[in-house]
Every structure is written in C-alpha cells, then in structure tokens.
>>> print(open('run.cif').read())   # mmCIF, C-alpha atoms
data_structure
loop_
_atom_site.group_PDB
_atom_site.id
_atom_site.type_symbol
_atom_site.label_atom_id
_atom_site.label_comp_id
_atom_site.auth_asym_id
_atom_site.auth_seq_id
_atom_site.Cartn_x
_atom_site.Cartn_y
_atom_site.Cartn_z
ATOM 1 C CA MET A 1 -31.483 12.400 -32.206
ATOM 2 C CA LYS A 2 -34.273 11.547 -34.633
ATOM 3 C CA THR A 3 -37.134 14.040 -34.976
ATOM 4 C CA PHE A 4 -40.472 12.898 -36.395
ATOM 5 C CA LYS A 5 -42.354 15.707 -38.110
ATOM 6 C CA PHE A 6 -46.066 16.216 -38.451
ATOM 7 C CA LEU A 7 -47.547 15.215 -41.839
ATOM 8 C CA LYS A 8 -49.651 18.231 -42.820
ATOM 9 C CA ASN A 9 -50.975 16.963 -46.146
ATOM 10 C CA LYS A 10 -51.840 13.406 -45.248
ATOM 11 C CA TYR A 11 -55.496 13.898 -46.210
ATOM 12 C CA ASN A 12 -54.731 15.864 -49.417
ATOM 13 C CA VAL A 13 -55.653 19.103 -47.639
ATOM 14 C CA GLU A 14 -53.501 20.862 -45.069
ATOM 15 C CA LEU A 15 -54.671 19.751 -41.620
ATOM 16 C CA LEU A 16 -52.717 20.395 -38.438
ATOM 17 C CA ILE A 17 -54.494 17.582 -36.595
ATOM 18 C CA ASP A 18 -54.419 13.825 -37.063
ATOM 19 C CA ILE A 19 -56.460 11.143 -35.331
ATOM 20 C CA GLY A 20 -56.526 7.389 -35.617
ATOM 21 C CA THR A 21 -55.946 3.963 -34.146
ATOM 22 C CA TYR A 22 -52.710 2.012 -34.240
ATOM 23 C CA LYS A 23 -54.139 0.262 -37.317
ATOM 24 C CA ASP A 24 -54.787 3.648 -38.977
ATOM 25 C CA ILE A 25 -51.260 4.881 -38.183
ATOM 26 C CA PRO A 26 -49.160 1.694 -38.286
ATOM 27 C CA TYR A 27 -45.961 3.642 -38.886
ATOM 28 C CA TYR A 28 -46.197 5.272 -35.455
ATOM 29 C CA PHE A 29 -42.768 5.264 -33.885
ATOM 30 C CA PHE A 30 -42.860 3.048 -30.817
ATOM 31 C CA GLU A 31 -39.059 3.052 -31.011
ATOM 32 C CA SER A 32 -36.589 2.123 -28.289
ATOM 33 C CA GLU A 33 -34.016 4.656 -29.545
ATOM 34 C CA ILE A 34 -34.290 8.164 -28.104
ATOM 35 C CA HIS A 35 -36.390 10.401 -30.352
ATOM 36 C CA HIS A 36 -38.913 13.215 -30.256
ATOM 37 C CA THR A 37 -41.620 14.854 -32.395
ATOM 38 C CA ASP A 38 -42.519 18.417 -33.370
ATOM 39 C CA PHE A 39 -46.161 18.113 -32.283
ATOM 40 C CA TYR A 40 -48.426 17.434 -29.312
ATOM 41 C CA GLU A 41 -49.515 13.850 -28.710
ATOM 42 C CA LEU A 42 -52.327 12.291 -26.698
ATOM 43 C CA ILE A 43 -52.234 8.509 -26.787
ATOM 44 C CA PHE A 44 -55.170 6.515 -25.420
ATOM 45 C CA PHE A 45 -54.230 2.895 -24.684
ATOM 46 C CA SER A 46 -57.188 0.541 -24.483
ATOM 47 C CA LYS A 47 -54.591 -2.245 -24.249
ATOM 48 C CA GLY A 48 -50.923 -1.883 -23.437
ATOM 49 C CA ASN A 49 -48.014 -3.957 -22.254
ATOM 50 C CA GLY A 50 -44.647 -2.368 -21.429
ATOM 51 C CA TYR A 51 -43.445 1.086 -20.492
ATOM 52 C CA LEU A 52 -42.450 4.492 -21.837
ATOM 53 C CA GLU A 53 -39.419 6.494 -20.775
ATOM 54 C CA LEU A 54 -40.533 10.104 -21.237
ATOM 55 C CA ASP A 55 -37.901 12.661 -20.277
ATOM 56 C CA GLN A 56 -37.170 11.697 -16.667
ATOM 57 C CA GLN A 57 -40.308 9.637 -16.116
ATOM 58 C CA ARG A 58 -41.015 5.950 -16.489
ATOM 59 C CA ILE A 59 -44.656 5.381 -17.403
ATOM 60 C CA GLU A 60 -46.170 1.915 -17.242
ATOM 61 C CA VAL A 61 -48.362 1.417 -20.302
ATOM 62 C CA SER A 62 -51.414 -0.603 -19.338
ATOM 63 C CA ASP A 63 -55.120 -0.735 -20.180
ATOM 64 C CA ASN A 64 -57.077 2.559 -19.990
ATOM 65 C CA THR A 65 -53.941 4.709 -19.826
ATOM 66 C CA VAL A 66 -53.858 8.180 -21.416
ATOM 67 C CA ILE A 67 -50.381 9.635 -22.055
ATOM 68 C CA PHE A 68 -49.691 13.343 -22.683
ATOM 69 C CA ILE A 69 -46.594 14.386 -24.661
ATOM 70 C CA SER A 70 -45.534 17.953 -25.491
ATOM 71 C CA PRO A 71 -43.443 18.823 -28.571
ATOM 72 C CA PHE A 72 -39.778 17.818 -28.428
ATOM 73 C CA GLN A 73 -40.055 15.761 -25.264
ATOM 74 C CA LYS A 74 -37.486 12.994 -25.475
ATOM 75 C CA ARG A 75 -38.747 9.461 -25.214
ATOM 76 C CA ARG A 76 -38.059 5.742 -25.667
ATOM 77 C CA TRP A 77 -40.735 3.054 -25.924
ATOM 78 C CA PHE A 78 -40.424 -0.485 -24.571
ATOM 79 C CA LEU A 79 -43.665 -2.147 -25.634
ATOM 80 C CA ASP A 80 -44.926 -5.480 -26.832
ATOM 81 C CA LYS A 81 -46.380 -4.123 -30.085
ATOM 82 C CA THR A 82 -48.446 -7.268 -30.616
ATOM 83 C CA LYS A 83 -50.449 -6.389 -27.494
ATOM 84 C CA VAL A 84 -51.057 -2.694 -28.205
ATOM 85 C CA GLU A 85 -54.456 -1.205 -28.994
ATOM 86 C CA CYS A 86 -54.675 2.565 -28.870
ATOM 87 C CA TYR A 87 -56.018 5.793 -30.300
ATOM 88 C CA PHE A 88 -53.811 8.739 -31.281
ATOM 89 C CA LEU A 89 -54.606 12.437 -31.225
ATOM 90 C CA PHE A 90 -51.843 14.610 -32.745
ATOM 91 C CA PHE A 91 -51.696 18.336 -33.464
ATOM 92 C CA GLN A 92 -49.070 20.978 -34.080
ATOM 93 C CA ASP A 93 -48.202 23.854 -31.798
ATOM 94 C CA SER A 94 -50.116 26.453 -33.810
ATOM 95 C CA PHE A 95 -53.214 24.289 -34.167
ATOM 96 C CA LEU A 96 -54.755 24.860 -30.742
ATOM 97 C CA SER A 97 -53.934 28.566 -30.617
ATOM 98 C CA SER A 98 -55.417 29.247 -34.058
ATOM 99 C CA PHE A 99 -58.307 26.794 -33.730
ATOM 100 C CA PHE A 100 -59.471 28.287 -30.445
ATOM 101 C CA SER A 101 -58.184 31.832 -31.143
ATOM 102 C CA ASP A 102 -56.104 31.633 -27.969
ATOM 103 C CA LYS A 103 -52.320 31.529 -28.170
ATOM 104 C CA LEU A 104 -52.147 30.378 -24.539
ATOM 105 C CA PHE A 105 -54.521 27.430 -24.886
ATOM 106 C CA SER A 106 -51.900 24.664 -24.697
ATOM 107 C CA PHE A 107 -50.400 26.338 -21.616
ATOM 108 C CA ARG A 108 -53.796 26.369 -19.910
ATOM 109 C CA LEU A 109 -53.858 22.560 -19.889
ATOM 110 C CA GLN A 110 -52.149 21.111 -16.822
ATOM 111 C CA PHE A 111 -50.791 18.033 -18.627
ATOM 112 C CA PHE A 112 -48.694 19.975 -21.183
ATOM 113 C CA TYR A 113 -45.291 21.350 -20.139
ATOM 114 C CA ASN A 114 -45.698 19.937 -16.652
ATOM 115 C CA LYS A 115 -42.252 19.358 -15.151
ATOM 116 C CA THR A 116 -43.190 17.639 -11.891
ATOM 117 C CA LYS A 117 -46.402 15.614 -12.204
ATOM 118 C CA PRO A 118 -46.754 12.256 -13.999
ATOM 119 C CA LEU A 119 -47.602 12.737 -17.675
ATOM 120 C CA TYR A 120 -50.283 10.081 -17.796
ATOM 121 C CA LEU A 121 -53.698 9.329 -16.374
ATOM 122 C CA LYS A 122 -55.373 6.002 -15.619
ATOM 123 C CA VAL A 123 -59.104 6.299 -16.237
ATOM 124 C CA ASN A 124 -62.065 4.043 -15.597
ATOM 125 C CA ASN A 125 -63.751 1.988 -18.308
ATOM 126 C CA GLY A 126 -66.726 4.331 -18.660
ATOM 127 C CA PHE A 127 -64.625 7.455 -19.161
ATOM 128 C CA PHE A 128 -62.270 5.687 -21.566
ATOM 129 C CA LEU A 129 -65.200 4.443 -23.647
ATOM 130 C CA GLN A 130 -66.642 7.966 -23.749
ATOM 131 C CA LEU A 131 -63.319 9.333 -24.997
ATOM 132 C CA ALA A 132 -62.928 6.527 -27.541
ATOM 133 C CA ASN A 133 -66.389 7.217 -28.997
ATOM 134 C CA ILE A 134 -65.635 10.917 -29.413
ATOM 135 C CA ILE A 135 -62.259 10.167 -31.008
ATOM 136 C CA GLN A 136 -64.015 7.887 -33.471
ATOM 137 C CA GLU A 137 -66.427 10.714 -34.318
ATOM 138 C CA LEU A 138 -63.479 13.036 -34.864
ATOM 139 C CA LEU A 139 -61.785 10.494 -37.109
ATOM 140 C CA ASN A 140 -64.938 10.051 -39.185
ATOM 141 C CA GLU A 141 -65.316 13.817 -39.532
ATOM 142 C CA ILE A 142 -61.740 14.240 -40.748
ATOM 143 C CA LYS A 143 -62.011 11.394 -43.239
ATOM 144 C CA THR A 144 -65.259 12.819 -44.678
ATOM 145 C CA PHE A 145 -64.296 16.481 -44.352
ATOM 146 C CA ARG A 146 -67.033 18.935 -45.368
ATOM 147 C CA SER A 147 -67.525 22.693 -45.232
ATOM 148 C CA ASP A 148 -68.952 22.585 -41.707
ATOM 149 C CA SER A 149 -66.605 19.885 -40.352
ATOM 150 C CA GLU A 150 -64.341 22.432 -38.693
ATOM 151 C CA HIS A 151 -67.096 23.399 -36.250
ATOM 152 C CA ILE A 152 -67.703 19.792 -35.212
ATOM 153 C CA ILE A 153 -63.983 19.077 -34.900
ATOM 154 C CA ARG A 154 -63.502 22.168 -32.731
ATOM 155 C CA ALA A 155 -66.388 21.269 -30.419
ATOM 156 C CA LEU A 156 -65.399 17.625 -29.978
ATOM 157 C CA LEU A 157 -61.708 18.397 -29.510
ATOM 158 C CA TYR A 158 -62.461 21.083 -26.935
ATOM 159 C CA PHE A 159 -64.682 18.648 -25.043
ATOM 160 C CA ILE A 160 -61.930 15.992 -24.925
ATOM 161 C CA LEU A 161 -59.195 18.385 -23.808
ATOM 162 C CA ILE A 162 -61.224 20.103 -21.099
ATOM 163 C CA LYS A 163 -62.616 16.826 -19.730
ATOM 164 C CA LEU A 164 -59.100 15.400 -19.569
ATOM 165 C CA ASN A 165 -57.762 18.564 -17.957
ATOM 166 C CA ARG A 166 -60.438 18.353 -15.251
ATOM 167 C CA ALA A 167 -59.710 14.670 -14.614
ATOM 168 C CA TYR A 168 -55.940 15.228 -14.579
ATOM 169 C CA ALA A 169 -56.201 18.234 -12.254
ATOM 170 C CA GLN A 170 -58.498 16.377 -9.872
ATOM 171 C CA HIS A 171 -56.251 13.315 -9.778
ATOM 172 C CA TYR A 172 -53.030 15.266 -9.168
ATOM 173 C CA LEU A 173 -54.632 17.937 -6.922
ATOM 174 C CA LEU A 174 -54.143 20.840 -9.345
ATOM 175 C CA SER A 175 -56.371 23.692 -10.458
ATOM 176 C CA SER A 176 -58.589 22.847 -13.432
ATOM 177 C CA GLU A 177 -59.254 26.535 -14.146
ATOM 178 C CA THR A 178 -58.488 27.405 -17.784
ATOM 179 C CA GLU A 179 -60.327 30.663 -18.451
ATOM 180 C CA ASN A 180 -59.086 33.006 -15.710
ATOM 181 C CA ASN A 181 -55.606 33.786 -14.366
ATOM 182 C CA SER A 182 -54.055 34.449 -17.792
ATOM 183 C CA ILE A 183 -50.987 35.895 -16.079
ATOM 184 C CA ALA A 184 -50.121 32.422 -14.771
ATOM 185 C CA PHE A 185 -50.436 30.875 -18.238
ATOM 186 C CA MET A 186 -48.411 33.679 -19.836
ATOM 187 C CA PHE A 187 -45.695 33.122 -17.244
ATOM 188 C CA LYS A 188 -45.692 29.398 -17.990
ATOM 189 C CA GLU A 189 -45.230 30.115 -21.699
ATOM 190 C CA ILE A 190 -42.413 32.624 -21.188
ATOM 191 C CA LEU A 191 -40.686 30.364 -18.673
ATOM 192 C CA GLN A 192 -40.859 27.404 -21.046
ATOM 193 C CA ASN A 193 -39.171 29.467 -23.761
ATOM 194 C CA GLU A 194 -36.616 31.406 -21.724
ATOM 195 C CA VAL A 195 -35.664 29.500 -18.577
ATOM 196 C CA ARG A 196 -32.446 28.194 -20.137
ATOM 197 C CA LYS A 197 -31.231 31.783 -20.388
ATOM 198 C CA ILE A 198 -32.947 33.661 -17.551
ATOM 199 C CA ARG A 199 -33.963 32.652 -14.015
ATOM 200 C CA ASN A 200 -34.433 36.124 -12.572
ATOM 201 C CA ILE A 201 -37.983 36.511 -11.237
ATOM 202 C CA ASP A 202 -37.942 40.295 -11.572
ATOM 203 C CA TYR A 203 -37.279 39.855 -15.299
ATOM 204 C CA TYR A 204 -40.441 37.773 -15.718
ATOM 205 C CA ALA A 205 -42.526 40.167 -13.641
ATOM 206 C CA LYS A 206 -41.312 43.043 -15.816
ATOM 207 C CA GLN A 207 -42.167 41.086 -18.980
ATOM 208 C CA LEU A 208 -45.710 40.660 -17.664
ATOM 209 C CA VAL A 209 -45.900 44.281 -16.451
ATOM 210 C CA ILE A 210 -46.855 43.301 -12.907
ATOM 211 C CA SER A 211 -45.156 43.285 -9.518
ATOM 212 C CA ARG A 212 -43.259 40.302 -8.210
ATOM 213 C CA VAL A 213 -45.839 39.964 -5.412
ATOM 214 C CA THR A 214 -48.751 39.841 -7.877
ATOM 215 C CA LEU A 215 -46.946 37.278 -10.032
ATOM 216 C CA ASN A 216 -46.328 35.082 -7.012
ATOM 217 C CA LYS A 217 -50.014 35.222 -6.006
ATOM 218 C CA CYS A 218 -51.119 34.232 -9.530
ATOM 219 C CA ILE A 219 -48.701 31.311 -9.741
ATOM 220 C CA LYS A 220 -49.547 30.054 -6.264
ATOM 221 C CA LYS A 221 -53.270 30.144 -7.066
ATOM 222 C CA GLN A 222 -52.955 28.316 -10.394
ATOM 223 C CA PHE A 223 -50.107 25.862 -9.874
ATOM 224 C CA GLY A 224 -49.866 25.511 -6.106
ATOM 225 C CA VAL A 225 -46.205 26.580 -5.940
ATOM 226 C CA THR A 226 -44.330 29.869 -5.602
ATOM 227 C CA VAL A 227 -42.681 31.567 -8.557
ATOM 228 C CA SER A 228 -39.258 30.578 -7.212
ATOM 229 C CA GLU A 229 -40.326 26.955 -6.872
ATOM 230 C CA MET A 230 -41.685 26.889 -10.425
ATOM 231 C CA VAL A 231 -38.516 28.437 -11.857
ATOM 232 C CA ASN A 232 -36.465 25.868 -9.946
ATOM 233 C CA GLU A 233 -38.671 23.032 -11.278
ATOM 234 C CA PHE A 234 -38.123 24.158 -14.865
ATOM 235 C CA ILE A 235 -34.357 24.673 -14.600
ATOM 236 C CA LEU A 236 -33.917 21.395 -12.711
ATOM 237 C CA PHE A 237 -35.778 19.661 -15.534
ATOM 238 C CA GLU A 238 -33.365 21.184 -18.080
ATOM 239 C CA ILE A 239 -30.318 20.071 -16.080
ATOM 240 C CA LYS A 240 -31.649 16.518 -15.784
ATOM 241 C CA SER A 241 -32.398 16.430 -19.503
ATOM 242 C CA LEU A 242 -28.869 17.487 -20.433
ATOM 243 C CA LEU A 243 -27.364 15.018 -17.960
ATOM 244 C CA SER A 244 -29.533 12.190 -19.283
ATOM 245 C CA TYR A 245 -29.499 12.758 -23.033
ATOM 246 C CA THR A 246 -26.193 14.475 -23.839
ATOM 247 C CA ASN A 247 -22.506 13.918 -23.151
ATOM 248 C CA LEU A 248 -21.958 17.505 -22.033
ATOM 249 C CA ASN A 249 -19.824 17.852 -18.903
ATOM 250 C CA ILE A 250 -20.862 19.962 -15.917
ATOM 251 C CA ASN A 251 -18.917 23.004 -17.103
ATOM 252 C CA GLU A 252 -20.629 22.851 -20.497
ATOM 253 C CA ILE A 253 -24.076 22.403 -18.959
ATOM 254 C CA SER A 254 -23.423 25.316 -16.593
ATOM 255 C CA TYR A 255 -22.478 27.496 -19.558
ATOM 256 C CA GLN A 256 -25.579 26.523 -21.540
ATOM 257 C CA LEU A 257 -27.884 27.247 -18.615
ATOM 258 C CA GLN A 258 -26.234 30.536 -17.615
ATOM 259 C CA PHE A 259 -24.785 29.443 -14.264
ATOM 260 C CA SER A 260 -21.758 31.596 -13.501
ATOM 261 C CA GLU A 261 -19.759 28.607 -12.237
ATOM 262 C CA ALA A 262 -20.108 24.831 -12.406
ATOM 263 C CA ASN A 263 -20.047 24.510 -8.629
ATOM 264 C CA HIS A 264 -23.106 26.819 -8.416
ATOM 265 C CA LEU A 265 -25.027 24.395 -10.644
ATOM 266 C CA THR A 266 -23.809 21.443 -8.578
ATOM 267 C CA ARG A 267 -24.923 23.071 -5.310
ATOM 268 C CA PHE A 268 -28.313 23.933 -6.785
ATOM 269 C CA PHE A 269 -28.813 20.407 -8.144
ATOM 270 C CA LYS A 270 -27.842 18.741 -4.881
ATOM 271 C CA ALA A 271 -30.096 21.066 -2.857
ATOM 272 C CA GLN A 272 -33.041 20.127 -5.105
ATOM 273 C CA THR A 273 -32.406 16.377 -5.436
ATOM 274 C CA GLY A 274 -30.100 15.291 -2.602
ATOM 275 C CA ILE A 275 -27.530 13.890 -5.046
ATOM 276 C CA SER A 276 -24.822 15.368 -7.253
ATOM 277 C CA PRO A 277 -25.158 15.749 -11.045
ATOM 278 C CA LYS A 278 -22.518 13.034 -11.489
ATOM 279 C CA GLU A 279 -24.468 10.628 -9.258
ATOM 280 C CA PHE A 280 -27.649 11.373 -11.199
ATOM 281 C CA ARG A 281 -25.972 10.731 -14.552
ATOM 282 C CA ASN A 282 -24.401 7.491 -13.332
ATOM 283 C CA ALA A 283 -27.738 6.308 -11.992
ATOM 284 C CA TYR A 284 -29.468 7.135 -15.279
ATOM 285 C CA GLN A 285 -26.813 5.305 -17.283
ATOM 286 C CA ASN A 286 -27.332 2.284 -15.015
ATOM 287 C CA GLY A 287 -31.076 2.442 -15.628
ATOM 288 C CA SER A 288 -32.138 3.464 -12.141
ATOM 289 C CA SER A 289 -32.863 7.201 -12.253
ATOM 290 C CA VAL A 290 -35.985 7.329 -14.414
ATOM 291 C CA ILE A 291 -39.061 7.513 -12.169
#
>>> encode(input="run.cif", output="structure tokens")
Amino acid sequence: MKTFKFLKNKYNVELLIDIGTYKDIPYYFFESEIHHTDFYELIFFSKGNGYLELDQQRIEVSDNTVIFISPFQKRRWFLDKTKVECYFLFFQDSFLSSFFSDKLFSFRLQFFYNKTKPLYLKVNNGFFLQLANIIQELLNEIKTFRSDSEHIIRALLYFILIKLNRAYAQHYLLSSETENNSIAFMFKEILQNEVRKIRNIDYYAKQLVISRVTLNKCIKKQFGVTVSEMVNEFILFEIKSLLSYTNLNINEISYQLQFSEANHLTRFFKAQTGISPKEFRNAYQNGSSVI
C-alpha cells in the first residue's frame, strides 16, 4: 500500500503544518488505489462531485463538506477532479501536541480516531465561508512567515479545530468538552495504540491508575458508551480493516488480534454485526459493505 509522507521543508523552513487550495497543492493524491498518509488531514470542499471510501465508510463529497482523516487511515477517492474546489489543512502527529503543549490534544477532538461516527460534516454556507476566510489567513501567514507568525497560526488553528469540534459534537450528539476528563482522552490514546494486543479492561484501568468503575464513568460521560462498548468498537474496526484491506484468513487475523481461537473472533464479529467475517469480506469485495 502506498504511503504519502508529509513534506516538512516545503517552505524552506521546517513546518509541520501545510495549508492550501487544490490549486496550491495540485499533486494532492485523489487516487482510486488504496493508500494512506502519515499525517492528519482536514479537507474543506466548497465544490465536490463523487465519493470517498475511508476505512469502512463511504462519504459523499458535495458542496460545503468537511472531511476529517487521521494518520494511516486507508482510503480511495472516486471524484470528478474537474469539479473539485477545496482547501486543505495538514499537520503531523507531533504538531498539535507540541504546538498546544498538550500531547492529548488530537485525542480531545471527537472527529479524530472515531470508529463509529461519520468522519465528515456538512456545514451551512455562512460557517463554511467563515472557515475558508480563516484558512486563507493561515495560508497568508505561512507564506509570509515572520517572527511572530507562530502566535497567529496557533490562535487561528485553535479556533478552527474547536469550532469544528463543537459543530461535529452537536451534529452527532457527542460531548464537545475538550479541557476536562483527561482520563477519557488518555484511555482513547492508549486504546488506539494497544487494542490490537490487549482488550482487557482491567489492564487499561491499571495503566491509568484508577478503578474500573471510575474509568467506566469517565468514558460514559465523554463518549456516551461504556468502556466495554468502546473496546468492542475499536477491535471491531480492526477486524473489518483486516478483512477489507488484506488477504489474511480468519486464523491469521485471530492471531494478529490476540484471539485465542478463530471461532472466538467469528462469534464476536457476528454478535457485533449480525453477519460472519466471510460474509462481510464477500460483501466488501462486491462493493456493498462500505457505509
């Protein structure tokens, strides 16, 4: 699978953020072959025609659509490139944590590493225009970088991300809280990194030095699900990804994801989805499982 890497020295100084329009970044990879990137992406479509297959989601790309992509999410684009007008906002994993002195910042945003909700937002004309104007200010600041530009970039970027997080949370009935409940965000980070190896809730509670009951209360408050439900969401996502984008058989997938037996994985998958892993893979290969 092709991986597109972030260009750190595009502006002759090392910047971990890039902003522009489709005309500014004409090499952007709207490719129909499966690929991923090593950075975060926010794409603001003022005009769009087609769709994106992002992990197990199909996203219709139309006017005033904002799409949120986390690093290494697999995707394929099916767009009419002659009818695309959009803005890009890219940054690497370490950029937000260092820029805002908060290693959990990307995990505080509901649209990153979300395994169950749609990874896009349709916004009204007024909000889209507001975002587009701020992005243009950011682009101008980067292109004419000065000693105090970092402060302006930080302020404008923070405004965009928090406004989008509020809008996304409101639309999908999630909490927009980003400053409190750090335990929930720490759990989300650890789960993202370790769920392929460990699904034991007591392990995560021990890592966070809290009780299982306290962890469950924090997760329920922030994400609206129990700890068990969130663990199941993340591991189900990993199973679907391996079924969709690899040729591994069920035994091999079970081994990778630390299921003791293949039939345990099959029972879990069917309980969560109502179909078997084989049925899911066949449906995906026939083009009918991406939602």
>>> atom_distance(input="run.cif", atom1="atom CA of Tyr120 of chain A", atom2="atom CA of Lys23 of chain A")
22.2 Å
>>> residues_around(input="run.cif", residues="Ser241 of chain A", least_positions_apart="4", cutoff="7 Å", atoms="all atoms listed in the file", output="VMD selection string")
chain A and resid 55 237 245
>>> closest_residue(input="run.cif", among="A:Arg196, A:Arg108, A:Lys115, A:Arg267", to="Leu242 of chain A", atoms="only C-alpha atoms")
A:Arg196
>>> atom_distance(input="run.cif", atom1="atom CA of Ile239 of chain A", atom2="atom CA of Ile69 of chain A")
19.3 Å
>>> atom_distance(input="run.cif", atom1="atom CA of Phe100 of chain A", atom2="atom CA of Ile153 of chain A")
11.2 Å
>>> resolve_selection(input="run.cif", expression="the PyMOL selection byres ((chain A and resi 46-53) around 6)", output="number ranges by chain")
A: 45, 54, 57-64, 75-80, 84-86
>>> closest_residue(input="run.cif", among="A:Phe234, A:Phe159, A:Phe90, A:Phe187", to="Asp38 of chain A", atoms="all atoms listed in the file")
A:Phe90
>>> closest_residue(input="run.cif", among="A:Leu191, A:Val225, A:Leu121, A:Leu109", to="Tyr172 of chain A", atoms="only C-alpha atoms")
A:Leu121
>>> axis_aligned_box(input="run.cif", around="segment 277-287 of chain A", padding_each_side="8 Å", output="lines of an AutoDock Vina configuration file")
center_x = -26.8
center_y = 9.0
center_z = -13.3
size_x = 24.6
size_y = 29.5
size_z = 24.0
>>> closest_residue(input="run.cif", among="A:Lys221, A:Lys8, A:Arg166, A:Lys117", to="Gln56 of chain A", atoms="only C-alpha atoms")
A:Lys117
>>> residues_around(input="run.cif", residues="segment 148-151 of chain A", least_positions_apart="3", cutoff="12 Å", atoms="all atoms listed in the file", output="PyMOL selection string")
chain A and resi 15-17+99-100+137-145+154-158
>>> write_last_selection(input="run.cif", atoms="C-alpha atoms", output="PDB file, keeping the file's coordinate frame")
ATOM      1  CA  LEU A  15     -54.671  19.751 -41.620  1.00  0.00           C
ATOM      2  CA  LEU A  16     -52.717  20.395 -38.438  1.00  0.00           C
ATOM      3  CA  ILE A  17     -54.494  17.582 -36.595  1.00  0.00           C
ATOM      4  CA  PHE A  99     -58.307  26.794 -33.730  1.00  0.00           C
ATOM      5  CA  PHE A 100     -59.471  28.287 -30.445  1.00  0.00           C
ATOM      6  CA  GLU A 137     -66.427  10.714 -34.318  1.00  0.00           C
ATOM      7  CA  LEU A 138     -63.479  13.036 -34.864  1.00  0.00           C
ATOM      8  CA  LEU A 139     -61.785  10.494 -37.109  1.00  0.00           C
ATOM      9  CA  ASN A 140     -64.938  10.051 -39.185  1.00  0.00           C
ATOM     10  CA  GLU A 141     -65.316  13.817 -39.532  1.00  0.00           C
ATOM     11  CA  ILE A 142     -61.740  14.240 -40.748  1.00  0.00           C
ATOM     12  CA  LYS A 143     -62.011  11.394 -43.239  1.00  0.00           C
ATOM     13  CA  THR A 144     -65.259  12.819 -44.678  1.00  0.00           C
ATOM     14  CA  PHE A 145     -64.296  16.481 -44.352  1.00  0.00           C
ATOM     15  CA  ARG A 154     -63.502  22.168 -32.731  1.00  0.00           C
ATOM     16  CA  ALA A 155     -66.388  21.269 -30.419  1.00  0.00           C
ATOM     17  CA  LEU A 156     -65.399  17.625 -29.978  1.00  0.00           C
ATOM     18  CA  LEU A 157     -61.708  18.397 -29.510  1.00  0.00           C
ATOM     19  CA  TYR A 158     -62.461  21.083 -26.935  1.00  0.00           C
TER      20      TYR A 158
END
>>> closest_residue(input="run.cif", among="A:Gln110, A:Phe127, A:Phe269, A:Asn247", to="Gln222 of chain A", atoms="all atoms listed in the file")
A:Gln110
>>> closest_residue(input="run.cif", among="A:Leu243, A:Leu131, A:Leu161, A:Val123", to="Phe111 of chain A", atoms="all atoms listed in the file")
A:Leu161
>>> decode(input="run.cif", residues="segment 46-96 of chain A", atoms="C-alpha atoms", output="tab-separated table (two decimals), in the first residue's frame")
chain	number	residue	atom	x	y	z
A	46	SER	CA	-16.54	24.20	-1.41
A	47	LYS	CA	-17.37	22.13	-4.51
A	48	GLY	CA	-17.26	18.37	-4.84
A	49	ASN	CA	-18.60	15.63	-7.04
A	50	GLY	CA	-18.07	11.95	-6.18
A	51	TYR	CA	-17.30	9.99	-3.05
A	52	LEU	CA	-14.54	8.86	-0.70
A	53	GLU	CA	-14.12	5.37	0.70
A	54	LEU	CA	-12.47	5.96	4.07
A	55	ASP	CA	-11.80	2.78	6.04
A	56	GLN	CA	-15.29	1.26	6.24
A	57	GLN	CA	-17.20	4.42	5.38
A	58	ARG	CA	-18.48	5.80	2.11
A	59	ILE	CA	-18.58	9.59	2.21
A	60	GLU	CA	-20.39	11.55	-0.47
A	61	VAL	CA	-18.27	14.55	-1.42
A	62	SER	CA	-20.52	17.50	-2.13
A	63	ASP	CA	-20.52	21.27	-1.59
A	64	ASN	CA	-19.74	22.53	1.95
A	65	THR	CA	-18.43	19.16	3.14
A	66	VAL	CA	-15.60	18.95	5.69
A	67	ILE	CA	-13.78	15.59	5.89
A	68	PHE	CA	-11.61	14.50	8.84
A	69	ILE	CA	-8.83	11.94	8.29
A	70	SER	CA	-6.45	10.57	10.95
A	71	PRO	CA	-2.95	9.29	10.12
A	72	PHE	CA	-2.79	5.94	8.33
A	73	GLN	CA	-6.50	5.68	7.65
A	74	LYS	CA	-6.93	3.75	4.42
A	75	ARG	CA	-8.82	5.46	1.65
A	76	ARG	CA	-9.77	5.54	-2.04
A	77	TRP	CA	-11.13	8.58	-3.86
A	78	PHE	CA	-13.70	8.50	-6.66
A	79	LEU	CA	-14.03	12.13	-7.70
A	80	ASP	CA	-14.52	14.20	-10.80
A	81	LYS	CA	-11.34	16.25	-10.34
A	82	THR	CA	-12.52	18.86	-12.83
A	83	LYS	CA	-15.34	19.77	-10.44
A	84	VAL	CA	-13.34	19.93	-7.20
A	85	GLU	CA	-12.68	23.13	-5.26
A	86	CYS	CA	-11.32	22.68	-1.76
A	87	TYR	CA	-9.00	23.82	1.00
A	88	PHE	CA	-6.52	21.51	2.74
A	89	LEU	CA	-5.24	21.64	6.30
A	90	PHE	CA	-2.48	19.09	7.02
A	91	PHE	CA	-0.32	18.53	10.09
A	92	GLN	CA	1.79	15.78	11.59
A	93	ASP	CA	1.06	13.86	14.75
A	94	SER	CA	3.54	15.80	16.88
A	95	PHE	CA	2.41	19.19	15.60
A	96	LEU	CA	-0.72	19.62	17.71
